[in-house]
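Worksheet for the structure shown next.
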Amino acid sequence: MRKSIVASALGLLIGLGCAKPNPGPPLAERKPSPLLDVEALPAAYREGARAVAASLTGEGEKPEEFYCEVEDKEEGRIQVFHLWHESAFLPENRGMAGNPGGKCRDVWYDTRQRKVVETLGWQ
């Protein structure tokens, strides 16, 4: 029963675009910005990037190991930080579907609450 609930929830999240089922690492020429290079991001994303970095630190991760692309949801109320861990760019992982290093994730930042509200690991 629990597996079917989890599978249904994951299917719903993927269907809603809340998680990336098989994002794979981007091509080297499209490598996202380093998360901690906040000034390279548009001004609207800088506060969220700082909150995401703090959230990663709180989870025992090293924010300097992550690269990001940001997507607006809910008319800009939510910023989804698609985070690639540096392990996704290793030669043995390049071009693989899913989350080869196990550390890539989406982090949702709520601009009204001014905090991270959700973290979803890529499948």
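Letters A, B, ... mark the chains of the structure tokens in the order given; residue numbers begin at 1 per chain; ligand numbers begin at 1, in order shown.
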(message) Quick one: residues within 10 Å of Gln113 of chain A, only C-alpha atoms, excluding same-chain residues fewer than 4 positions away - as a PyMOL selection string?
(response) chain A and resi 77-78+109+117
(message) When you look at Lys115 of chain A with a cut-off of 9 Å (counting only C-alpha atoms), what residues show up, excluding the ones that are within fewer than 3 positions of it in the same chain? I need them as number ranges by chain.
(response) A: 48, 51-52, 108-112
Would you save the residues of that selection, restricted to C-alpha atoms, as an mmCIF file, in the first residue's frame?
```cif
data_model
loop_
_atom_site.group_PDB
_atom_site.id
_atom_site.type_symbol
_atom_site.label_atom_id
_atom_site.label_comp_id
_atom_site.auth_asym_id
_atom_site.auth_seq_id
_atom_site.Cartn_x
_atom_site.Cartn_y
_atom_site.Cartn_z
ATOM 1 C CA GLY A 48 16.316 32.656 -3.110
ATOM 2 C CA ALA A 51 18.240 30.701 1.107
ATOM 3 C CA VAL A 52 18.802 27.572 -0.991
ATOM 4 C CA TRP A 108 11.440 25.307 -3.978
ATOM 5 C CA TYR A 109 11.772 28.841 -2.608
ATOM 6 C CA ASP A 110 8.612 30.772 -1.700
ATOM 7 C CA THR A 111 9.138 34.475 -2.398
ATOM 8 C CA ARG A 112 6.287 35.555 -0.099
#
```
(message) Can you tell me which residues surround segment 62-69 of chain A at a distance of at most 8 Å, considering only C-alpha atoms, apart from same-chain residues fewer than 3 positions away, and format the answer as an MDAnalysis selection string?
(response) chainID A and resid 31:36 53:54 56:57 81:86
Using DSSP assignments from the backbone, pull out every residue in segment 76-121 of chain A that falls under strand (DSSP E or B) and give it to me as a PDB file with N, CA and C atoms, in the first residue's frame.
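Generated file (states.pdb):
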```
ATOM      1  N   ILE A  78       6.736  31.166  -6.557  1.00  0.00           N
ATOM      2  CA  ILE A  78       7.665  30.069  -6.250  1.00  0.00           C
ATOM      3  C   ILE A  78       8.799  30.097  -7.257  1.00  0.00           C
ATOM      4  N   GLN A  79      10.014  29.986  -6.749  1.00  0.00           N
ATOM      5  CA  GLN A  79      11.190  29.837  -7.601  1.00  0.00           C
ATOM      6  C   GLN A  79      11.725  28.427  -7.368  1.00  0.00           C
ATOM      7  N   VAL A  80      11.775  27.649  -8.431  1.00  0.00           N
ATOM      8  CA  VAL A  80      12.301  26.294  -8.327  1.00  0.00           C
ATOM      9  C   VAL A  80      13.753  26.323  -8.790  1.00  0.00           C
ATOM     10  N   PHE A  81      14.635  26.019  -7.860  1.00  0.00           N
ATOM     11  CA  PHE A  81      16.058  25.943  -8.164  1.00  0.00           C
ATOM     12  C   PHE A  81      16.378  24.503  -8.537  1.00  0.00           C
ATOM     13  N   HIS A  82      16.646  24.276  -9.826  1.00  0.00           N
ATOM     14  CA  HIS A  82      17.062  22.954 -10.299  1.00  0.00           C
ATOM     15  C   HIS A  82      18.566  22.886 -10.041  1.00  0.00           C
ATOM     16  N   LEU A  83      18.952  22.006  -9.134  1.00  0.00           N
ATOM     17  CA  LEU A  83      20.351  21.933  -8.710  1.00  0.00           C
ATOM     18  C   LEU A  83      21.044  20.689  -9.236  1.00  0.00           C
ATOM     19  N   TRP A  84      22.129  20.907  -9.931  1.00  0.00           N
ATOM     20  CA  TRP A  84      23.000  19.819 -10.369  1.00  0.00           C
ATOM     21  C   TRP A  84      24.180  19.777  -9.423  1.00  0.00           C
ATOM     22  N   HIS A  85      24.467  18.608  -8.890  1.00  0.00           N
ATOM     23  CA  HIS A  85      25.675  18.443  -8.075  1.00  0.00           C
ATOM     24  C   HIS A  85      26.851  18.271  -9.029  1.00  0.00           C
ATOM     25  N   ARG A 105      18.861  17.779  -7.230  1.00  0.00           N
ATOM     26  CA  ARG A 105      17.556  17.987  -6.599  1.00  0.00           C
ATOM     27  C   ARG A 105      16.918  19.281  -7.089  1.00  0.00           C
ATOM     28  N   ASP A 106      15.647  19.428  -6.785  1.00  0.00           N
ATOM     29  CA  ASP A 106      14.926  20.680  -6.990  1.00  0.00           C
ATOM     30  C   ASP A 106      14.613  21.243  -5.611  1.00  0.00           C
ATOM     31  N   VAL A 107      14.884  22.520  -5.431  1.00  0.00           N
ATOM     32  CA  VAL A 107      14.585  23.191  -4.168  1.00  0.00           C
ATOM     33  C   VAL A 107      13.619  24.325  -4.469  1.00  0.00           C
ATOM     34  N   TRP A 108      12.487  24.315  -3.776  1.00  0.00           N
ATOM     35  CA  TRP A 108      11.440  25.307  -3.978  1.00  0.00           C
ATOM     36  C   TRP A 108      11.576  26.416  -2.954  1.00  0.00           C
ATOM     37  N   TYR A 109      11.669  27.656  -3.455  1.00  0.00           N
ATOM     38  CA  TYR A 109      11.772  28.841  -2.608  1.00  0.00           C
ATOM     39  C   TYR A 109      10.499  29.662  -2.790  1.00  0.00           C
ATOM     40  N   ASP A 110       9.830  29.979  -1.675  1.00  0.00           N
ATOM     41  CA  ASP A 110       8.612  30.772  -1.700  1.00  0.00           C
ATOM     42  C   ASP A 110       8.991  32.233  -1.478  1.00  0.00           C
ATOM     43  N   LYS A 115      11.385  31.762   2.212  1.00  0.00           N
ATOM     44  CA  LYS A 115      12.084  30.585   2.735  1.00  0.00           C
ATOM     45  C   LYS A 115      11.927  29.399   1.788  1.00  0.00           C
ATOM     46  N   VAL A 116      12.802  28.421   1.969  1.00  0.00           N
ATOM     47  CA  VAL A 116      12.709  27.164   1.227  1.00  0.00           C
ATOM     48  C   VAL A 116      11.527  26.382   1.792  1.00  0.00           C
ATOM     49  N   VAL A 117      10.659  25.907   0.896  1.00  0.00           N
ATOM     50  CA  VAL A 117       9.462  25.206   1.350  1.00  0.00           C
ATOM     51  C   VAL A 117       9.423  23.740   0.921  1.00  0.00           C
ATOM     52  N   GLU A 118      10.316  23.337   0.018  1.00  0.00           N
ATOM     53  CA  GLU A 118      10.284  21.945  -0.455  1.00  0.00           C
ATOM     54  C   GLU A 118      11.620  21.607  -1.106  1.00  0.00           C
ATOM     55  N   THR A 119      12.057  20.384  -0.903  1.00  0.00           N
ATOM     56  CA  THR A 119      13.235  19.858  -1.589  1.00  0.00           C
ATOM     57  C   THR A 119      12.876  18.483  -2.110  1.00  0.00           C
ATOM     58  N   LEU A 120      13.080  18.282  -3.414  1.00  0.00           N
ATOM     59  CA  LEU A 120      12.763  17.003  -4.046  1.00  0.00           C
ATOM     60  C   LEU A 120      13.985  16.470  -4.771  1.00  0.00           C
ATOM     61  N   GLY A 121      14.417  15.270  -4.408  1.00  0.00           N
ATOM     62  CA  GLY A 121      15.538  14.646  -5.106  1.00  0.00           C
ATOM     63  C   GLY A 121      15.102  14.162  -6.474  1.00  0.00           C
TER      64      GLY A 121
END
```
(request) Could you jot down the atom CA of Val38 of chain A to atom CA of Pro91 of chain A separation for me, Å, one decimal place? (result)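 These atoms are spaced 26.6 Å apart.
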